[in-house]
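Visitor: Here you go, this is target_15.txt (compact mmCIF, C-alpha atoms).
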```
# COMPACT_ATOMS: atom_id res chain seq x y z
CA MET A 1 -31.75 -29.36 24.37
CA SER A 2 -30.56 -32.81 25.31
CA ASP A 3 -33.96 -34.35 24.71
CA ILE A 4 -34.03 -33.38 21.04
CA PRO A 5 -31.52 -35.73 19.38
CA ASP A 6 -32.35 -39.33 20.05
CA PRO A 7 -29.43 -41.55 18.98
CA LYS A 8 -31.66 -44.60 18.92
CA ALA A 9 -34.09 -43.04 16.52
CA ASN A 10 -33.71 -44.16 12.91
CA GLY A 11 -36.08 -41.56 11.55
CA LEU A 12 -35.85 -37.80 11.37
CA ARG A 13 -35.09 -37.61 15.09
CA GLY A 14 -31.81 -39.38 14.36
CA ILE A 15 -30.65 -36.77 11.84
CA ALA A 16 -29.17 -34.53 14.56
CA VAL A 17 -26.80 -37.36 15.47
CA TRP A 18 -25.72 -37.80 11.83
CA VAL A 19 -25.18 -34.05 11.43
CA ARG A 20 -22.96 -33.97 14.47
CA ARG A 21 -21.10 -37.10 13.38
CA TYR A 22 -20.52 -35.54 9.97
CA ALA A 23 -19.35 -32.22 11.44
CA GLU A 24 -16.97 -33.90 13.88
CA ASN A 25 -15.32 -36.05 11.25
CA ARG A 26 -14.42 -33.56 8.55
CA THR A 27 -10.78 -34.63 8.75
CA LEU A 28 -9.59 -34.22 5.16
CA PRO A 29 -7.38 -31.16 5.98
CA MET A 30 -5.80 -33.23 8.78
CA VAL A 31 -4.96 -35.95 6.23
CA VAL A 32 -3.24 -33.37 4.02
CA PHE A 33 -1.43 -31.84 7.00
CA LEU A 34 -0.08 -35.23 8.10
CA VAL A 35 0.95 -36.16 4.55
CA VAL A 36 2.87 -32.85 4.30
CA PHE A 37 4.44 -33.60 7.68
CA LEU A 38 5.40 -37.08 6.43
CA LEU A 39 6.95 -35.63 3.28
CA LEU A 40 8.94 -33.16 5.37
CA TRP A 41 10.14 -35.99 7.57
CA CYS A 42 11.19 -37.95 4.46
CA ALA A 43 13.05 -34.84 3.28
CA TYR A 44 14.86 -34.51 6.63
CA VAL A 45 15.90 -38.16 6.51
CA SER A 46 16.84 -38.49 2.84
CA ILE A 47 18.37 -35.10 1.93
CA PRO A 48 21.34 -35.35 4.33
CA PHE A 49 22.21 -38.75 2.79
CA LEU A 50 22.00 -37.17 -0.66
CA LEU A 51 24.17 -34.25 0.49
CA ILE A 52 26.88 -36.52 1.91
CA TYR A 53 26.86 -38.70 -1.21
CA ALA A 54 27.05 -35.69 -3.54
CA PHE A 55 29.78 -34.05 -1.46
CA ARG A 56 31.94 -37.19 -1.53
CA ALA A 57 31.35 -37.60 -5.26
CA ARG A 58 32.12 -33.88 -5.80
CA GLN A 59 28.74 -33.38 -7.50
CA TRP A 60 28.46 -29.72 -6.57
CA LEU A 61 25.26 -29.08 -8.49
CA VAL A 62 23.46 -31.93 -6.69
CA CYS A 63 25.00 -30.73 -3.45
CA ALA A 64 23.60 -27.21 -3.97
CA ALA A 65 20.18 -28.55 -4.97
CA GLY A 66 20.12 -30.77 -1.86
CA ALA A 67 21.05 -27.84 0.39
CA CYS A 68 18.26 -25.73 -1.17
CA LEU A 69 15.75 -28.55 -0.65
CA LEU A 70 16.78 -28.94 2.98
CA LEU A 71 16.44 -25.20 3.54
CA LEU A 72 13.02 -25.29 1.89
CA ALA A 73 11.95 -28.16 4.17
CA ILE A 74 13.10 -26.23 7.27
CA VAL A 75 11.23 -23.08 6.16
CA ALA A 76 8.08 -25.12 5.37
CA ASN A 77 8.26 -26.88 8.74
CA SER A 78 8.65 -23.61 10.63
CA TRP A 79 5.77 -22.07 8.69
CA LEU A 80 3.49 -25.03 9.45
CA ALA A 81 4.44 -24.97 13.14
CA VAL A 82 3.20 -21.39 13.64
CA PRO A 83 -0.57 -21.50 14.32
CA ALA A 84 -1.17 -18.12 12.68
CA TRP A 85 0.27 -19.47 9.41
CA GLY A 86 -0.06 -23.26 9.50
CA GLY A 87 -3.37 -23.14 11.37
CA ARG A 88 -4.79 -20.56 8.98
CA TRP A 89 -3.61 -22.69 6.05
CA MET A 90 -5.49 -25.66 7.51
CA GLU A 91 -8.63 -23.52 7.82
CA ARG A 92 -8.36 -22.34 4.21
CA LEU A 93 -7.78 -25.92 3.12
CA ALA A 94 -10.92 -27.04 4.96
CA GLU A 95 -12.92 -24.25 3.33
CA ARG A 96 -11.67 -25.29 -0.09
CA PHE A 97 -12.32 -29.01 0.44
CA TYR A 98 -15.78 -28.54 1.89
CA ARG A 99 -16.90 -25.52 -0.15
CA ARG A 100 -19.79 -27.41 -1.73
CA GLU A 101 -20.87 -28.95 1.57
CA GLY A 102 -20.90 -25.72 3.59
CA ARG A 103 -19.73 -25.27 7.15
CA PRO A 104 -21.31 -26.68 10.30
CA VAL A 105 -19.90 -25.40 13.61
CA ILE A 106 -19.58 -27.97 16.38
CA GLY A 107 -18.86 -25.68 19.30
CA GLU A 108 -16.05 -27.13 21.33
CA GLY A 109 -17.12 -25.35 24.47
CA PRO A 110 -15.83 -22.30 26.31
CA TRP A 111 -12.70 -24.03 27.59
CA GLN A 112 -11.30 -25.03 24.18
CA ARG A 113 -8.55 -22.40 24.20
CA HIS A 114 -7.53 -23.32 27.76
CA ARG A 115 -7.55 -27.00 26.83
CA ALA A 116 -5.28 -26.36 23.82
CA ILE A 117 -2.82 -24.41 26.01
CA ALA A 118 -2.86 -27.17 28.65
CA ALA A 119 -2.17 -29.80 25.97
CA VAL A 120 0.77 -27.82 24.53
CA ILE A 121 2.27 -27.34 28.03
CA LEU A 122 1.83 -31.06 28.74
CA LEU A 123 3.50 -32.00 25.44
CA LEU A 124 6.42 -29.60 25.96
CA ALA A 125 6.98 -30.82 29.53
CA GLY A 126 6.79 -34.45 28.41
CA ILE A 127 9.16 -34.00 25.47
CA THR A 128 11.67 -32.13 27.67
CA ALA A 129 11.49 -34.82 30.36
CA GLY A 130 11.95 -37.53 27.72
CA ILE A 131 15.02 -35.83 26.25
CA VAL A 132 16.59 -35.24 29.69
CA LEU A 133 15.93 -38.82 30.85
CA GLY A 134 17.24 -40.13 27.53
CA LEU A 135 20.44 -38.08 27.72
CA LEU A 136 21.03 -39.19 31.32
CA GLY A 137 20.67 -42.78 30.19
CA ILE A 138 17.75 -43.42 32.52
CA LEU A 139 15.25 -43.95 29.71
CA PRO A 140 16.30 -46.64 27.20
CA ASP A 141 15.52 -46.07 23.50
CA ARG A 142 13.01 -48.92 23.38
CA LEU A 143 10.88 -47.24 26.06
CA MET A 144 10.79 -43.83 24.37
CA GLN A 145 7.38 -44.42 22.78
CA PRO A 146 5.76 -45.90 25.92
CA PHE A 147 7.15 -42.97 27.93
CA SER A 148 5.79 -40.51 25.36
CA ALA A 149 2.37 -42.18 25.65
CA LEU A 150 2.20 -40.85 29.24
CA TYR A 151 1.80 -37.30 27.91
CA VAL A 152 0.69 -37.76 24.27
CA VAL A 153 -2.43 -39.81 25.12
CA PRO A 154 -3.80 -37.34 27.72
CA ALA A 155 -2.84 -34.42 25.44
CA LEU A 156 -4.82 -35.93 22.53
CA PHE A 157 -7.85 -36.38 24.78
CA ILE A 158 -7.48 -32.83 26.13
CA ILE A 159 -7.21 -31.27 22.66
CA SER A 160 -10.30 -32.95 21.32
CA ARG A 161 -12.41 -35.96 22.15
CA ARG A 162 -12.48 -36.54 18.39
CA ALA A 163 -8.85 -37.69 18.57
CA TYR A 164 -9.80 -40.62 20.77
CA LEU A 165 -9.00 -43.28 18.15
CA TRP A 166 -5.52 -41.84 17.66
CA ALA A 167 -4.99 -41.78 21.44
CA ILE A 168 -6.20 -45.37 21.88
CA LEU A 169 -3.94 -46.69 19.09
CA TYR A 170 -1.01 -44.77 20.59
CA ALA A 171 -1.68 -46.24 24.04
CA VAL A 172 -2.11 -49.79 22.69
CA HIS A 173 1.19 -49.47 20.78
CA ALA A 174 2.93 -48.40 24.01
CA LEU A 175 1.42 -51.27 25.99
CA LEU A 176 2.51 -53.78 23.34
CA ILE A 177 6.10 -52.50 23.52
CA VAL A 178 6.11 -52.71 27.32
CA ALA A 179 4.68 -56.24 27.06
CA GLY A 180 7.58 -57.17 24.79
CA ALA A 181 5.72 -57.55 21.51
CA PRO A 182 8.09 -57.70 18.49
CA ILE A 183 7.02 -54.35 17.02
CA LEU A 184 10.21 -52.40 17.65
CA PHE A 185 12.37 -51.24 14.75
CA SER A 186 16.12 -51.07 15.15
CA GLY A 187 19.17 -49.74 13.32
CA GLN A 188 18.47 -47.29 10.51
CA TYR A 189 14.70 -47.82 10.90
CA ASP A 190 14.50 -46.94 14.60
CA MET A 191 12.86 -43.57 13.84
CA LEU A 192 9.80 -45.52 12.72
CA ASN A 193 9.21 -46.38 16.39
CA MET A 194 7.98 -42.81 16.87
CA LEU A 195 6.82 -42.05 13.34
CA ILE A 196 4.28 -44.89 13.15
CA PRO A 197 2.41 -44.03 16.38
CA THR A 198 2.43 -40.28 15.67
CA VAL A 199 1.98 -39.75 11.93
CA GLY A 200 0.91 -43.29 11.01
CA TYR A 201 -1.90 -43.66 13.54
CA GLY A 202 -2.84 -40.02 13.09
CA LEU A 203 -3.22 -40.55 9.37
CA LEU A 204 -5.18 -43.76 9.89
CA SER A 205 -7.53 -42.05 12.38
CA ALA A 206 -8.02 -39.08 10.03
CA LEU A 207 -8.80 -41.38 7.08
CA ILE A 208 -11.31 -43.35 9.17
CA GLY A 209 -12.81 -40.02 10.28
CA HIS A 210 -13.14 -38.95 6.66
CA LEU A 211 -14.88 -42.21 5.79
CA ILE A 212 -17.31 -41.74 8.71
CA SER A 213 -18.06 -38.19 7.53
CA ARG A 214 -18.93 -39.51 4.03
CA ILE A 215 -21.25 -42.16 5.49
CA ALA A 216 -22.88 -39.59 7.81
CA LEU A 217 -23.33 -37.13 4.93
CA ALA A 218 -24.99 -39.78 2.76
CA LYS A 219 -27.27 -40.83 5.62
CA MET A 220 -28.12 -37.19 6.41
CA ARG A 221 -29.02 -36.44 2.79
CA ARG A 222 -31.13 -39.59 2.52
CA LEU A 223 -33.09 -38.67 5.66
CA SER A 224 -33.51 -35.11 4.35
CA ARG A 225 -34.83 -36.34 1.02
CA GLN A 226 -37.25 -38.75 2.70
CA THR A 227 -38.50 -36.00 5.00
CA LEU A 228 -39.09 -33.55 2.18
CA GLU A 229 -40.81 -36.20 0.10
CA GLY A 230 -43.14 -36.78 3.03
CA GLY A 231 -42.06 -40.30 3.86
CA LEU A 232 -40.48 -39.62 7.21
CA HIS A 233 -41.90 -37.70 10.09
CA GLY A 234 -40.57 -38.88 13.37
CA MET B 1 -53.77 -31.32 25.21
CA ALA B 2 -51.27 -28.88 23.72
CA GLU B 3 -51.55 -28.27 20.00
CA ILE B 4 -48.89 -29.03 17.45
CA ASP B 5 -46.89 -25.98 16.40
CA PRO B 6 -47.66 -25.59 12.66
CA LEU B 7 -44.43 -23.69 12.12
CA VAL B 8 -42.43 -26.70 13.28
CA HIS B 9 -44.74 -29.30 11.75
CA GLU B 10 -43.96 -28.25 8.17
CA PRO B 11 -41.45 -30.93 6.92
CA ALA B 12 -38.87 -28.51 5.48
CA ARG B 13 -38.79 -26.34 8.62
CA LEU B 14 -38.77 -29.38 10.91
CA LEU B 15 -35.83 -30.72 8.93
CA LEU B 16 -33.97 -27.40 9.25
CA LEU B 17 -34.56 -27.27 13.00
CA MET B 18 -33.41 -30.86 13.38
CA LEU B 19 -30.25 -30.19 11.37
CA LEU B 20 -29.46 -27.13 13.48
CA SER B 21 -30.14 -29.02 16.70
CA GLY B 22 -27.18 -31.33 15.95
CA VAL B 23 -24.58 -28.55 15.74
CA ALA B 24 -23.81 -25.23 17.41
CA ALA B 25 -24.35 -23.37 14.12
CA ALA B 26 -24.35 -23.94 10.37
CA ASP B 27 -23.95 -21.71 7.34
CA PHE B 28 -26.40 -21.30 4.47
CA ASN B 29 -24.36 -23.53 2.12
CA PHE B 30 -24.39 -26.40 4.60
CA LEU B 31 -28.18 -26.27 4.96
CA LEU B 32 -28.50 -26.00 1.18
CA SER B 33 -26.27 -29.01 0.61
CA ALA B 34 -27.80 -31.12 3.39
CA THR B 35 -31.42 -30.53 2.42
CA GLY B 36 -31.17 -30.29 -1.35
CA MET B 37 -33.69 -27.42 -1.32
CA THR B 38 -33.50 -24.52 -3.76
CA LYS B 39 -31.91 -21.30 -2.48
CA GLY B 40 -35.21 -19.43 -2.59
CA ASN B 41 -37.12 -22.15 -0.78
CA LEU B 42 -34.46 -22.47 1.90
CA SER B 43 -34.29 -18.70 2.40
CA SER B 44 -38.03 -18.39 2.83
CA HIS B 45 -38.20 -21.21 5.39
CA LEU B 46 -35.24 -19.81 7.32
CA ALA B 47 -36.81 -16.35 7.27
CA ARG B 48 -40.00 -17.75 8.82
CA LEU B 49 -38.00 -19.52 11.52
CA GLU B 50 -36.06 -16.33 12.15
CA ARG B 51 -39.26 -14.29 12.47
CA ALA B 52 -40.54 -16.80 15.02
CA GLU B 53 -37.20 -16.42 16.84
CA TYR B 54 -36.56 -20.13 16.55
CA VAL B 55 -33.38 -19.44 14.62
CA GLU B 56 -30.75 -16.75 15.11
CA VAL B 57 -28.90 -15.34 12.11
CA THR B 58 -25.36 -13.96 12.14
CA LYS B 59 -24.11 -12.17 9.05
CA SER B 60 -20.41 -11.60 8.57
CA PHE B 61 -17.66 -11.55 5.96
CA ARG B 62 -15.09 -14.28 5.46
CA GLY B 63 -12.49 -12.31 3.58
CA LYS B 64 -14.57 -10.50 0.97
CA VAL B 65 -17.28 -13.14 0.79
CA PRO B 66 -20.50 -12.60 2.79
CA HIS B 67 -21.19 -15.41 5.21
CA THR B 68 -24.51 -16.17 6.90
CA GLU B 69 -24.64 -18.47 9.88
CA TYR B 70 -27.75 -19.90 11.54
CA ARG B 71 -28.13 -21.24 15.02
CA LEU B 72 -31.04 -22.73 16.94
CA THR B 73 -32.25 -20.42 19.71
CA GLU B 74 -33.40 -21.60 23.09
CA ALA B 75 -37.00 -20.95 22.02
CA GLY B 76 -36.40 -23.01 18.87
CA GLY B 77 -34.97 -25.88 20.91
CA GLU B 78 -37.92 -25.78 23.28
CA ALA B 79 -40.41 -25.68 20.39
CA LEU B 80 -38.71 -28.66 18.81
CA ALA B 81 -38.68 -30.65 22.06
CA ALA B 82 -42.34 -29.80 22.65
CA TYR B 83 -43.18 -30.86 19.10
CA TRP B 84 -41.63 -34.31 19.52
CA ARG B 85 -43.30 -34.73 22.93
CA ARG B 86 -46.67 -33.89 21.43
CA LEU B 87 -46.07 -36.23 18.51
CA ASP B 88 -45.24 -39.08 20.89
CA GLU B 89 -48.39 -38.36 22.89
CA ILE B 90 -50.53 -38.57 19.75
CA ARG B 91 -48.77 -41.74 18.65
CA ALA B 92 -49.31 -43.29 22.07
CA LEU B 93 -52.98 -42.31 21.87
CA TYR B 94 -53.36 -44.12 18.55
CA GLU B 95 -51.50 -47.17 19.82
CA ASN B 96 -53.73 -47.35 22.91
CA LYS B 97 -56.82 -47.17 20.76
CA GLY B 98 -55.37 -49.89 18.56
CA ASP B 99 -56.14 -47.97 15.37
CA ALA B 100 -52.72 -46.68 14.45
CA HIS B 101 -52.41 -45.47 10.90
CA PRO B 102 -50.97 -48.31 8.76
CA ASN B 103 -48.50 -45.99 7.03
CA GLY B 104 -47.37 -44.26 10.21
CA TRP B 105 -48.83 -41.23 11.91
CA ARG B 106 -50.13 -38.25 9.96
CA ALA B 107 -51.56 -35.05 11.45
CA GLN B 108 -55.32 -35.21 11.49
CA PRO B 109 -57.48 -32.21 10.61
CA GLY B 110 -58.22 -30.27 13.75
CA GLU B 111 -55.14 -31.50 15.58
CA VAL B 112 -52.89 -29.00 13.91
CA ALA B 113 -53.28 -25.48 15.19
CA SER B 114 -54.21 -23.00 12.50
```
What would you get if you wrote out this structure as structure tokens?
Guide:
Amino acid sequence: MSDIPDPKANGLRGIAVWVRRYAENRTLPMVVFLVVFLLLWCAYVSIPFLLIYAFRARQWLVCAAGACLLLLAIVANSWLAVPAWGGRWMERLAERFYRREGRPVIGEGPWQRHRAIAAVILLLAGITAGIVLGLLGILPDRLMQPFSALYVVPALFIISRRAYLWAILYAVHALLIVAGAPILFSGQYDMLNMLIPTVGYGLLSALIGHLISRIALAKMRRLSRQTLEGGLHG
Amino acid sequence: MAEIDPLVHEPARLLLLMLLSGVAAADFNFLLSATGMTKGNLSSHLARLERAEYVEVTKSFRGKVPHTEYRLTEAGGEALAAYWRRLDEIRALYENKGDAHPNGWRAQPGEVAS
């Protein structure tokens, strides 16, 4: 059916392209997922400080509340990490967000499951290698992100070609660090060196995706209206 | 010359086929939202496409809610491709004669199969 959608066509023939573009960029659940991930990260970073402060000040009530919050963050993180729970939650979220717009199915191809498994194996192997090399002192802290780009970028491409923007930004960030660009954080902010390329660029890509889906939806509806009003036929 | 398929030529059905050609499948709500048709109108057009075997329907339940999904069949894809080919041929014919319709092409009586 490759001769049906014509990307160059501005008329009705172009609608198939807009439909696909819309379906591929329904990224609002991803935005929510990454924001939740960011909040959890903030909890992991800030709650231990709160706990230490409260413990030293003998504020037992604050100490207990902090411990409960930390426990809650760990439980939430574990729940999100399990595909049967976190993945299902994402699906339900998508259904809720896009209830009025319905559900188009893109069809990732027969190898999607295999690709996802390959990406997870690649990520696990890369993370393990990074930790081992870091502990042995072979991999300096400043090269952690560029090293991670060696497995994160291919993994993002393997998972879905829709994550290409995220992968490109991640790769560019790594290249800039290797080239010596002053984009490295140090001291208490050094965790941002990983957080920005992962969550930051992911969030940016998802927001851009969402914007594209809104534009595609508007274009699709306009073409539909014109067709039904008889003003567009080819 | 091959005739234009009247089932595909109808704007609402052509629109539905074009929408389905862009994705692997789509549910009823998506087609409703994308086209802005009424539920009854959409159902009747989809039923005609289903009868012609241009569209395949899958009915299931998502939780307790019934869910109907439509996908373009191979025959539907071929009919759509043939339709656009035929349309281009007619357009080229008009352009060669130098008497193209000023408001764009419209099917002429006799060119559309009954």
Visitor: One number please: CA of Ala163 in chain A to CA of Pro146 in chain A, in Å, one decimal.
Guide: 18.3 Å
Visitor: Write out as a ChimeraX atom specification each polymer residue whose atoms come within 9 Å of Ala12 in chain B, counting all atoms listed in the file; drop sequence neighbours fewer than 2 positions from it.
Guide: /A:224,227-228 /B:8-10,14-17,35,37,42,45
Visitor: Kindly provide, as a list in words, the residues of chain A having any atom no farther than 6 Å from an atom of chain B, counting all atoms listed in the file.
Guide: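 So the contacting residues turn out to be Met1, Ile4, Ala16, Val19, Arg20, Glu101, Gly102, Arg103, Pro104, Val105, Ile106, Gly107, Arg221, Ser224 and Leu228 of chain A.
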Visitor: Between CA of Leu70 in chain A and CA of Val82 in chain A, what distance in Å does the model show, to one decimal?
Guide: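 Going from CA of Leu70 in chain A over to CA of Val82 in chain A, I get 18.8 Å.
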Visitor: Find the axis-aligned box for range 96-114 of chain A, covering all its listed atoms and adding 4 Å on each side, and write its centre and edge lengths in Å to one decimal as JSON.
Guide:
```
{"center_x": -14.4, "center_y": -25.7, "center_z": 13.0, "size_x": 21.8, "size_y": 14.7, "size_z": 37.5}
```
Visitor: Just checking: using all atoms listed in the file, which residue out of A:Thr27, A:Ser160, A:Ser46, A:Gln145 ends up closest to Ile183 in chain A?
Guide: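 Closest to Ile183 in chain A, using all atoms listed in the file: A:Gln145.
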Visitor: I'd like to know which of A:Trp85, A:Phe157, A:Tyr98, A:Trp60 is closest to Leu122 in chain A, using only C-alpha atoms.
Guide: A:Phe157
Visitor: If I take CA of Val120 in chain A and CA of Arg92 in chain A, how far is one from the other in Å, to one decimal?
Guide: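 The value is 22.9 Å.
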